[in-house]
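Asker: File follows, structure-v8.tsv with TSV, C-alpha atoms:
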chain	number	residue	atom	x	y	z
A	11	MET	CA	154.58	94.78	142.58
A	12	PRO	CA	155.31	91.17	141.69
A	13	SER	CA	157.16	88.97	144.19
A	14	PHE	CA	160.33	87.23	143.14
A	15	ASP	CA	163.32	85.39	144.55
A	16	LEU	CA	166.76	86.55	143.50
A	17	SER	CA	168.69	83.82	145.26
A	18	LEU	CA	169.90	81.87	142.22
A	19	TYR	CA	169.56	83.95	139.08
A	20	LEU	CA	170.64	82.51	135.73
A	21	VAL	CA	171.70	84.94	133.00
A	22	THR	CA	171.85	83.24	129.61
A	23	ASP	CA	174.66	83.47	127.10
A	24	ARG	CA	174.24	81.20	124.13
A	25	ARG	CA	177.90	81.58	123.20
A	26	LEU	CA	178.71	79.58	126.33
A	27	SER	CA	176.11	76.86	125.87
A	28	GLN	CA	178.38	74.54	123.88
A	29	GLY	CA	175.79	74.03	121.19
A	30	ARG	CA	173.01	73.07	123.58
A	31	SER	CA	169.70	74.93	123.32
A	32	LEU	CA	168.80	77.54	125.90
A	33	GLU	CA	165.57	75.62	126.48
A	34	TYR	CA	167.57	72.57	127.53
A	35	ILE	CA	169.91	74.47	129.83
A	36	VAL	CA	167.13	76.51	131.41
A	37	SER	CA	164.99	73.41	131.97
A	38	GLU	CA	167.88	71.63	133.68
A	39	ALA	CA	168.71	74.71	135.74
A	40	ILE	CA	165.11	74.91	136.93
A	41	LYS	CA	165.27	71.29	138.10
A	42	GLY	CA	168.36	72.30	140.03
A	43	GLY	CA	166.66	75.19	141.78
A	44	VAL	CA	167.25	78.34	139.74
A	45	THR	CA	164.81	81.02	140.93
A	46	MET	CA	164.96	83.56	138.11
A	47	VAL	CA	166.13	83.61	134.48
A	48	GLN	CA	167.35	86.54	132.43
A	49	LEU	CA	167.51	86.18	128.65
A	50	ARG	CA	170.42	88.20	127.33
A	51	GLU	CA	171.03	88.36	123.58
A	52	LYS	CA	173.34	90.79	121.89
A	53	ASP	CA	173.97	89.47	118.41
A	54	CYS	CA	170.74	88.21	116.92
A	55	SER	CA	167.81	89.66	115.00
A	56	SER	CA	164.76	90.93	116.87
A	57	LEU	CA	162.81	88.01	115.42
A	58	GLU	CA	165.24	85.43	116.79
A	59	PHE	CA	165.30	87.21	120.16
A	60	TYR	CA	161.50	87.21	120.23
A	61	GLU	CA	161.21	83.56	119.27
A	62	GLN	CA	163.78	82.54	121.88
A	63	ALA	CA	161.96	84.58	124.50
A	64	ILE	CA	158.62	82.93	123.69
A	65	LYS	CA	160.18	79.47	124.09
A	66	LEU	CA	161.70	80.31	127.47
A	67	LYS	CA	158.54	82.02	128.65
A	68	GLN	CA	156.54	78.84	128.06
A	69	ILE	CA	159.00	76.76	130.08
A	70	LEU	CA	159.31	79.28	132.90
A	71	THR	CA	155.59	79.97	133.24
A	72	THR	CA	154.99	76.27	133.88
A	73	HIS	CA	157.42	76.46	136.79
A	74	LYS	CA	156.27	79.90	137.99
A	75	ILE	CA	159.75	81.31	137.56
A	76	PRO	CA	160.10	84.88	136.29
A	77	LEU	CA	161.55	85.56	132.86
A	78	ILE	CA	163.52	88.79	132.72
A	79	ILE	CA	164.63	90.25	129.39
A	80	ASN	CA	167.94	92.06	129.20
A	81	ASP	CA	167.67	95.59	127.80
A	82	ARG	CA	164.97	95.04	125.18
A	83	LEU	CA	161.70	96.37	126.51
A	84	ASP	CA	160.02	95.56	123.20
A	85	ILE	CA	160.94	91.89	123.43
A	86	ALA	CA	159.67	91.87	127.03
A	87	LEU	CA	156.32	93.30	125.91
A	88	ALA	CA	156.14	91.00	122.90
A	89	CYS	CA	156.62	87.80	124.92
A	90	ASN	CA	154.84	89.07	128.05
A	91	ALA	CA	157.96	88.60	130.15
A	92	ASP	CA	157.88	89.23	133.87
A	93	GLY	CA	160.28	92.12	133.61
A	94	ILE	CA	163.42	93.62	132.22
A	95	HIS	CA	166.95	94.15	133.38
A	96	ILE	CA	168.56	97.39	132.27
A	97	GLY	CA	172.07	98.72	132.51
A	98	GLN	CA	173.37	102.26	132.63
A	99	SER	CA	173.52	102.48	128.83
A	100	ASP	CA	170.01	101.17	128.18
A	101	ILE	CA	166.71	103.06	128.05
A	102	PRO	CA	166.53	105.24	131.21
A	103	TYR	CA	164.76	103.61	134.15
A	104	LYS	CA	161.92	106.12	134.43
A	105	VAL	CA	161.12	105.86	130.73
A	106	ALA	CA	161.10	102.07	130.99
A	107	ARG	CA	158.83	102.17	134.05
A	108	ASN	CA	156.36	104.46	132.28
A	109	ILE	CA	156.08	101.97	129.46
A	110	LEU	CA	156.06	98.76	131.51
A	111	GLY	CA	154.04	99.87	134.51
A	112	TYR	CA	154.31	98.48	138.04
A	113	GLU	CA	153.08	94.98	137.27
A	114	LYS	CA	156.50	94.16	135.86
A	115	ILE	CA	159.89	93.74	137.50
A	116	ILE	CA	162.64	96.20	136.59
A	117	GLY	CA	166.19	95.46	137.67
A	118	LEU	CA	169.00	97.97	137.23
A	119	SER	CA	172.72	97.31	137.06
A	120	VAL	CA	174.87	99.58	139.20
A	121	GLU	CA	178.60	99.81	138.62
A	122	ASN	CA	179.77	102.03	141.46
A	123	MET	CA	178.67	103.46	144.81
A	124	GLU	CA	177.40	106.68	143.26
A	125	GLN	CA	174.99	104.67	141.10
A	126	VAL	CA	173.92	102.68	144.17
A	127	LEU	CA	172.99	105.92	145.94
A	128	LEU	CA	171.17	107.25	142.88
A	129	SER	CA	169.17	104.02	142.69
A	130	ASN	CA	167.74	104.79	146.14
A	131	ASP	CA	165.74	107.56	144.46
A	132	LEU	CA	164.27	105.13	141.94
A	133	ASP	CA	161.59	102.53	142.60
A	134	VAL	CA	163.52	99.75	140.88
A	135	ASP	CA	162.63	96.24	142.02
A	136	TYR	CA	166.22	95.18	142.54
A	137	ILE	CA	169.73	96.26	141.68
A	138	GLY	CA	172.44	94.16	140.07
A	139	ILE	CA	175.84	94.75	141.66
A	140	SER	CA	178.05	94.55	138.59
A	141	PRO	CA	180.63	93.20	138.56
A	142	VAL	CA	181.37	91.68	141.93
A	143	PHE	CA	184.49	89.99	140.53
A	144	SER	CA	186.24	90.47	137.23
A	145	THR	CA	184.93	88.13	134.56
A	146	PRO	CA	185.79	87.01	131.06
A	147	THR	CA	182.07	86.73	130.14
A	148	LYS	CA	181.63	90.47	129.86
A	149	THR	CA	184.53	92.63	128.79
A	150	ASP	CA	183.06	96.13	129.07
A	151	THR	CA	182.59	96.17	132.83
A	152	ALA	CA	183.60	98.64	135.54
A	153	PRO	CA	186.14	97.81	138.30
A	154	PRO	CA	184.81	94.97	140.50
A	155	PHE	CA	183.03	95.69	143.82
A	156	GLY	CA	184.54	92.70	145.62
A	157	ILE	CA	183.09	91.18	148.78
A	158	ASP	CA	183.73	94.33	150.78
A	159	GLY	CA	181.89	96.29	148.11
A	160	ILE	CA	178.79	94.15	148.63
A	161	ARG	CA	178.90	94.88	152.36
A	162	GLU	CA	179.16	98.61	151.58
A	163	VAL	CA	176.24	98.42	149.16
A	164	LYS	CA	174.08	96.67	151.74
A	165	LYS	CA	174.72	99.47	154.23
A	166	ILE	CA	173.53	102.24	151.93
A	167	CYS	CA	171.04	100.60	149.56
A	168	ARG	CA	167.30	100.24	150.14
A	169	HIS	CA	166.76	97.71	147.35
A	170	GLN	CA	167.11	93.97	147.03
A	171	THR	CA	170.44	93.07	145.48
A	172	VAL	CA	171.84	90.42	143.21
A	173	ALA	CA	175.56	90.19	142.58
A	174	ILE	CA	176.93	89.34	139.14
A	175	GLY	CA	180.32	88.81	137.54
A	176	GLY	CA	182.83	86.01	138.07
A	177	ILE	CA	180.62	84.08	140.49
A	178	HIS	CA	181.38	80.38	140.81
A	179	LEU	CA	180.84	77.56	143.26
A	180	ASP	CA	183.93	78.47	145.24
A	181	ASN	CA	182.92	82.08	145.94
A	182	ALA	CA	179.10	81.90	146.03
A	183	LYS	CA	178.85	81.42	149.80
A	184	GLU	CA	180.83	84.52	150.72
A	185	ILE	CA	178.57	86.64	148.49
A	186	TYR	CA	175.48	85.44	150.34
A	187	GLN	CA	177.27	85.95	153.63
A	188	ALA	CA	178.19	89.51	152.65
A	189	GLY	CA	174.46	90.21	152.39
A	190	ALA	CA	173.48	89.94	148.72
A	191	ASN	CA	169.97	88.56	148.24
A	192	GLY	CA	171.16	86.50	145.36
A	193	ILE	CA	173.86	85.53	142.95
A	194	ALA	CA	173.57	85.84	139.20
A	195	VAL	CA	175.62	83.34	137.25
A	196	VAL	CA	176.36	82.89	133.58
A	197	SER	CA	179.10	80.42	132.70
A	198	GLU	CA	178.85	78.39	135.93
A	199	ILE	CA	175.52	77.05	134.67
A	200	MET	CA	175.60	77.79	130.92
A	201	SER	CA	178.85	75.92	130.38
A	202	ALA	CA	178.34	73.23	133.04
A	203	LYS	CA	178.43	69.67	131.79
A	204	ASP	CA	175.36	69.10	133.98
A	205	PRO	CA	173.48	72.42	134.43
A	206	CYS	CA	171.04	70.80	136.89
A	207	GLU	CA	173.81	69.55	139.15
A	208	ALA	CA	175.64	72.89	138.90
A	209	SER	CA	172.48	74.66	140.05
A	210	ILE	CA	171.95	72.24	142.95
A	211	LYS	CA	175.50	72.81	144.14
A	212	LEU	CA	175.20	76.60	143.93
A	213	LYS	CA	171.89	76.48	145.76
A	214	ALA	CA	173.46	74.42	148.52
A	215	GLU	CA	175.90	77.27	149.19
A	216	LEU	CA	172.93	79.39	150.23
A	217	LYS	CA	172.42	77.41	153.41
B	16	MET	CA	145.02	105.61	111.32
B	17	PRO	CA	147.45	108.52	110.99
B	18	SER	CA	147.90	110.17	107.61
B	19	PHE	CA	151.35	110.44	106.12
B	20	ASP	CA	153.14	111.22	102.88
B	21	LEU	CA	155.69	108.69	101.64
B	22	SER	CA	156.89	110.73	98.69
B	23	LEU	CA	160.39	111.62	99.92
B	24	TYR	CA	161.38	109.37	102.80
B	25	LEU	CA	164.79	109.81	104.42
B	26	VAL	CA	166.34	106.80	106.15
B	27	THR	CA	169.25	107.79	108.39
B	28	ASP	CA	172.64	106.15	108.50
B	29	ARG	CA	175.12	107.97	110.68
B	30	ARG	CA	178.02	106.10	109.09
B	31	LEU	CA	177.31	108.09	105.94
B	32	SER	CA	176.89	111.49	107.58
B	33	GLN	CA	180.56	112.48	107.26
B	34	GLY	CA	180.75	113.52	110.88
B	35	ARG	CA	177.71	115.80	110.73
B	36	SER	CA	174.96	115.31	113.31
B	37	LEU	CA	171.72	113.63	112.31
B	38	GLU	CA	169.91	116.68	113.67
B	39	TYR	CA	171.73	118.87	111.16
B	40	ILE	CA	171.11	116.60	108.20
B	41	VAL	CA	167.47	115.99	109.08
B	42	SER	CA	166.86	119.73	109.58
B	43	GLU	CA	168.35	120.51	106.19
B	44	ALA	CA	166.44	117.68	104.54
B	45	ILE	CA	163.18	119.02	105.98
B	46	LYS	CA	163.91	122.43	104.48
B	47	GLY	CA	164.37	120.64	101.18
B	48	GLY	CA	161.01	118.88	101.39
B	49	VAL	CA	161.53	115.47	102.99
B	50	THR	CA	158.12	114.12	104.04
B	51	MET	CA	159.07	111.33	106.43
B	52	VAL	CA	162.15	110.31	108.42
B	53	GLN	CA	163.18	106.88	109.60
B	54	LEU	CA	165.84	106.60	112.31
B	55	ARG	CA	167.87	103.46	111.74
B	56	GLU	CA	170.61	102.56	114.20
B	57	LYS	CA	172.31	99.22	114.32
B	58	ASP	CA	175.47	99.67	116.35
B	59	CYS	CA	174.75	101.82	119.36
B	60	SER	CA	173.47	101.32	122.89
B	61	SER	CA	169.76	101.58	123.63
B	62	LEU	CA	170.47	104.78	125.55
B	63	GLU	CA	172.20	106.41	122.58
B	64	PHE	CA	169.41	105.26	120.26
B	65	TYR	CA	166.81	106.69	122.64
B	66	GLU	CA	168.62	110.00	123.03
B	67	GLN	CA	169.05	110.35	119.27
B	68	ALA	CA	165.38	109.54	118.75
B	69	ILE	CA	164.30	112.19	121.27
B	70	LYS	CA	166.37	114.82	119.48
B	71	LEU	CA	164.91	113.99	116.07
B	72	LYS	CA	161.39	113.78	117.45
B	73	GLN	CA	161.63	117.36	118.72
B	74	ILE	CA	162.77	118.63	115.32
B	75	LEU	CA	160.23	116.62	113.36
B	76	THR	CA	157.26	117.43	115.59
B	77	THR	CA	157.83	121.13	114.96
B	78	HIS	CA	157.52	120.48	111.24
B	79	LYS	CA	154.69	117.93	111.57
B	80	ILE	CA	156.78	115.27	109.85
B	81	PRO	CA	156.46	111.69	111.10
B	82	LEU	CA	159.39	110.02	112.85
B	83	ILE	CA	159.57	106.31	112.15
B	84	ILE	CA	161.90	104.07	114.18
B	85	ASN	CA	163.56	101.14	112.46
B	86	ASP	CA	162.96	97.80	114.18
B	87	ARG	CA	163.02	98.95	117.81
B	88	LEU	CA	159.47	99.15	119.10
B	89	ASP	CA	160.77	100.05	122.56
B	90	ILE	CA	162.62	103.09	121.26
B	91	ALA	CA	159.48	104.11	119.37
B	92	LEU	CA	157.42	103.89	122.55
B	93	ALA	CA	160.09	105.63	124.62
B	94	CYS	CA	160.32	108.68	122.32
B	95	ASN	CA	156.66	108.65	121.28
B	96	ALA	CA	157.57	108.19	117.64
B	97	ASP	CA	154.89	108.18	114.98
B	98	GLY	CA	155.57	104.60	114.05
B	99	ILE	CA	158.01	101.84	113.30
B	100	HIS	CA	159.43	100.20	110.24
B	101	ILE	CA	160.01	96.47	110.50
B	102	GLY	CA	161.71	93.97	108.29
B	103	GLN	CA	161.17	90.26	107.86
B	104	SER	CA	163.62	89.44	110.66
B	105	ASP	CA	162.17	91.86	113.21
B	106	ILE	CA	159.33	91.36	115.69
B	107	PRO	CA	156.37	89.89	113.73
B	108	TYR	CA	153.92	92.47	112.42
B	109	LYS	CA	150.90	91.28	114.40
B	110	VAL	CA	152.82	91.29	117.66
B	111	ALA	CA	154.07	94.79	116.93
B	112	ARG	CA	150.56	96.02	116.09
B	113	ASN	CA	149.17	94.57	119.33
B	114	ILE	CA	151.72	96.55	121.29
B	115	LEU	CA	151.59	99.80	119.30
B	116	GLY	CA	147.89	99.98	118.48
B	117	TYR	CA	146.35	101.66	115.45
B	118	GLU	CA	147.34	105.21	116.31
B	119	LYS	CA	150.85	104.47	115.07
B	120	ILE	CA	152.23	103.83	111.60
B	121	ILE	CA	153.72	100.42	110.88
B	122	GLY	CA	155.68	99.90	107.68
B	123	LEU	CA	156.90	96.50	106.58
B	124	SER	CA	159.76	95.67	104.22
B	125	VAL	CA	158.98	93.10	101.56
B	126	GLU	CA	161.76	91.41	99.65
B	127	ASN	CA	159.89	89.34	97.06
B	128	MET	CA	156.48	88.92	95.44
B	129	GLU	CA	155.41	86.25	97.90
B	130	GLN	CA	155.92	88.67	100.78
B	131	VAL	CA	154.00	91.35	98.87
B	132	LEU	CA	151.03	88.98	98.59
B	133	LEU	CA	151.27	88.00	102.25
B	134	SER	CA	151.26	91.69	103.21
B	135	ASN	CA	147.81	92.01	101.65
B	136	ASP	CA	146.50	89.98	104.59
B	137	LEU	CA	148.04	92.41	107.06
B	138	ASP	CA	146.80	95.88	107.93
B	139	VAL	CA	150.24	97.44	107.60
B	140	ASP	CA	150.22	101.15	106.79
B	141	TYR	CA	152.69	100.85	103.95
B	142	ILE	CA	155.20	98.44	102.50
B	143	GLY	CA	158.82	99.10	101.68
B	144	ILE	CA	159.87	97.51	98.38
B	145	SER	CA	163.40	96.44	99.27
B	146	PRO	CA	165.65	96.69	97.44
B	147	VAL	CA	164.55	98.29	94.20
B	148	PHE	CA	168.17	98.46	93.02
B	149	SER	CA	171.28	96.88	94.46
B	150	THR	CA	172.98	99.13	96.97
B	151	PRO	CA	176.23	99.32	98.89
B	152	THR	CA	174.44	100.83	101.95
B	153	LYS	CA	172.90	97.53	102.98
B	154	THR	CA	174.72	94.32	102.23
B	155	ASP	CA	172.23	91.72	103.47
B	156	THR	CA	169.51	92.40	100.95
B	157	ALA	CA	167.52	90.16	98.61
B	158	PRO	CA	167.76	90.37	94.76
B	159	PRO	CA	166.52	93.78	93.55
B	160	PHE	CA	162.95	94.27	92.30
B	161	GLY	CA	163.92	96.68	89.54
B	162	ILE	CA	161.51	99.09	87.86
B	163	ASP	CA	159.47	96.25	86.39
B	164	GLY	CA	159.21	94.77	89.86
B	165	ILE	CA	157.61	97.97	91.16
B	166	ARG	CA	155.01	97.78	88.38
B	167	GLU	CA	154.28	94.16	89.34
B	168	VAL	CA	153.96	95.08	93.00
B	169	LYS	CA	151.52	97.88	92.19
B	170	LYS	CA	149.30	95.41	90.31
B	171	ILE	CA	148.93	92.99	93.21
B	172	CYS	CA	149.40	95.11	96.33
B	173	ARG	CA	146.67	96.92	98.25
B	174	HIS	CA	149.03	99.05	100.33
B	175	GLN	CA	150.88	102.29	99.81
B	176	THR	CA	154.44	101.64	98.72
B	177	VAL	CA	157.82	103.20	99.15
B	178	ALA	CA	160.81	101.92	97.21
B	179	ILE	CA	164.24	101.68	98.81
B	180	GLY	CA	167.73	100.68	97.75
B	181	GLY	CA	170.13	102.36	95.36
B	182	ILE	CA	167.84	105.32	94.67
B	183	HIS	CA	169.53	108.47	93.42
B	184	LEU	CA	168.65	111.59	91.52
B	185	ASP	CA	169.11	109.88	88.17
B	186	ASN	CA	166.65	107.05	88.81
B	187	ALA	CA	164.09	108.68	91.15
B	188	LYS	CA	161.69	109.75	88.41
B	189	GLU	CA	161.27	106.31	86.88
B	190	ILE	CA	160.37	104.91	90.31
B	191	TYR	CA	157.57	107.43	90.74
B	192	GLN	CA	156.47	106.77	87.18
B	193	ALA	CA	156.37	103.04	87.84
B	194	GLY	CA	153.79	103.74	90.53
B	195	ALA	CA	155.58	103.83	93.87
B	196	ASN	CA	154.05	106.32	96.29
B	197	GLY	CA	157.47	107.35	97.40
B	198	ILE	CA	161.19	106.88	97.35
B	199	ALA	CA	163.28	106.15	100.41
B	200	VAL	CA	166.84	107.39	100.21
B	201	VAL	CA	169.84	106.99	102.45
B	202	SER	CA	173.18	108.09	100.99
B	203	GLU	CA	171.70	110.52	98.44
B	204	ILE	CA	170.79	112.83	101.33
B	205	MET	CA	172.97	111.56	104.22
B	206	SER	CA	176.19	111.98	102.25
B	207	ALA	CA	175.16	115.00	100.19
B	208	LYS	CA	177.34	118.05	100.57
B	209	ASP	CA	174.12	120.04	100.79
B	210	PRO	CA	171.31	117.80	102.15
B	211	CYS	CA	168.73	120.54	101.61
B	212	GLU	CA	169.60	120.97	97.95
B	213	ALA	CA	169.73	117.19	97.45
B	214	SER	CA	166.21	116.93	98.87
B	215	ILE	CA	164.91	119.76	96.68
B	216	LYS	CA	166.31	118.08	93.58
B	217	LEU	CA	164.83	114.69	94.48
B	218	LYS	CA	161.47	116.33	95.20
B	219	ALA	CA	161.52	118.03	91.81
B	220	GLU	CA	161.66	114.58	90.16
B	221	LEU	CA	158.21	113.92	91.59
B	222	LYS	CA	156.59	116.37	89.28
Spit out the file's structure as structure tokens when you get a sec.
Answerer:
Amino acid sequence: MPSFDLSLYLVTDRRLSQGRSLEYIVSEAIKGGVTMVQLREKDCSSLEFYEQAIKLKQILTTHKIPLIINDRLDIALACNADGIHIGQSDIPYKVARNILGYEKIIGLSVENMEQVLLSNDLDVDYIGISPVFSTPTKTDTAPPFGIDGIREVKKICRHQTVAIGGIHLDNAKEIYQAGANGIAVVSEIMSAKDPCEASIKLKAELK
Amino acid sequence: MPSFDLSLYLVTDRRLSQGRSLEYIVSEAIKGGVTMVQLREKDCSSLEFYEQAIKLKQILTTHKIPLIINDRLDIALACNADGIHIGQSDIPYKVARNILGYEKIIGLSVENMEQVLLSNDLDVDYIGISPVFSTPTKTDTAPPFGIDGIREVKKICRHQTVAIGGIHLDNAKEIYQAGANGIAVVSEIMSAKDPCEASIKLKAELK
């Protein structure tokens, strides 16, 4: 099983990039200490998704940072990504694992405590606690876990965890303190005037 | 390389099914003589796509009819489909072939004569001549080939061909006569009051 560091996990959203390329933002975020990058695309052709993935893979490989593809197993295979992140309405975990094998990372979003418990029966590499706070970035989410929810998850969950949803500089520290292995951010880096500086500041909250 | 029969190729579109399940329509179409089925889904979750694919695969396997998945290589792998059909804005053919291997069928849509010529350099299993006529089913298509276009394609193309776009009972025969190995239909079967009878009638045009 590959090793990885969930501590500062960037999830892309090109709608929030203010016209800047994902390559630029990801490169700056890496300088600032991002430890993992998930490419999430919902409204482009498979060819565009593939081409974007190839570009990010080149950048990330140089820095030995894993590239995770959201949902699309085929794009992950096509660009030789380090893994995929799936939600509850994506291809079922066990099917994905059969195709990808154990050399690749598979993360699974959980939206409530029942799904956290069910994930204990799966050999996922990490779970995404989603959402920790309510967020305008994603509109189809379940009720937020909150900080207390993270503490509850940590008590019953055997997997590494990354929290996602509404995470910003002013609430990052309490998420780490509640026991999450990492924070996943979208707009805090994607929309930052200086994505490198935004990443440095988030990383500093870890300490 | 698997053998297959392009002669009457059903491409699904659940928006045209008038509330009937794809399983029902596909089952009826098989009774009527459909020789190949492509599952095309553009607006559903990966889980729904996967579950729909599994259902069709069960039906089609019983009748030894190939299931082809549009675009989504991962869904094809997940349901053990017989192949995929890709367009010019999907994952590039060579990448797809590397992942799928030669045990699976790969069809490629071509939208102009230049793409037909380029396909001669690829070991695709068939090409889809798209569109042969203008069609309301797909709105993002290139200018139609027309019947003369099919004859031109046959002169320069080394692959098996299936024509798609605006094909109905009243123009099916001239497409076969122009040299296409098959016709791909969407609404003519999907929206037919009796999909079995519609398939029988289309099949009769072959003779």
Asker: Identify which of the residues B:Ala157, B:Ala91, B:Ile84, B:Val41 lies closest to chain A, counting all atoms listed in the file when measuring atom-to-atom distances.
Answerer: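 So, comparing all the options, the nearest one is B:Ala91.
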Asker: When the cut-off is 7 Å and we count all atoms listed in the file, which residues of chain A are near chain B, given as a PyMOL selection string?
Answerer: chain A and resi 55-57+60+83-84+88+99-102+105
Asker: Quick one: residues within 10 Å of Ile193 in chain A, all atoms listed in the file, excluding same-chain residues fewer than 3 positions away - as an MDAnalysis selection string?
Answerer: chainID A and resid 16:20 138:139 142 171:175 177:178 182:183 185:186 190 212:213 216
Asker: Taking all atoms listed in the file into account, name the residue in A:Pro146, A:Ile94, A:Thr151, A:Arg168 that is nearest to Leu127 in chain A.
Answerer: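 Of the candidates, the smallest distance to Leu127 in chain A is held by A:Arg168.
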Asker: How far is it from CA of Glu113 in chain A to CA of Asp15 in chain A, in Å with one decimal?
Answerer: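 These atoms are spaced 15.8 Å apart.
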Asker: Excluding same-chain residues fewer than 2 positions from Phe160 in chain B, what lies within 7 Å of it counting only C-alpha atoms, as a PDB file with C-alpha atoms, in the frame of the given file?
Answerer:
ATOM      1  CA  PRO B 146     165.650  96.690  97.440  1.00  0.00           C
ATOM      2  CA  VAL B 147     164.550  98.290  94.200  1.00  0.00           C
ATOM      3  CA  PHE B 148     168.170  98.460  93.020  1.00  0.00           C
ATOM      4  CA  PRO B 158     167.760  90.370  94.760  1.00  0.00           C
ATOM      5  CA  ILE B 162     161.510  99.090  87.860  1.00  0.00           C
ATOM      6  CA  GLY B 164     159.210  94.770  89.860  1.00  0.00           C
ATOM      7  CA  ILE B 165     157.610  97.970  91.160  1.00  0.00           C
TER       8      ILE B 165
END
Asker: Considering only C-alpha atoms, state which residue in the set B:Ile171, B:Pro17, B:Asp28, B:His78 is at the smallest distance from Val139 in chain B.
Answerer: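 Of B:Ile171, B:Pro17, B:Asp28, B:His78, the one nearest Val139 in chain B is B:Pro17, counting only C-alpha atoms.
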Asker: State, in Å with one decimal place, the distance from CA of Lys57 in chain B to CA of Ala63 in chain A.
Answerer: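 One can read the CA of Lys57 in chain B to CA of Ala63 in chain A distance as 20.6 Å.
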Asker: What is the CA of Asn95 in chain B-CA of Glu126 in chain B distance in Å, reported with one decimal?
Answerer: 28.1 Å
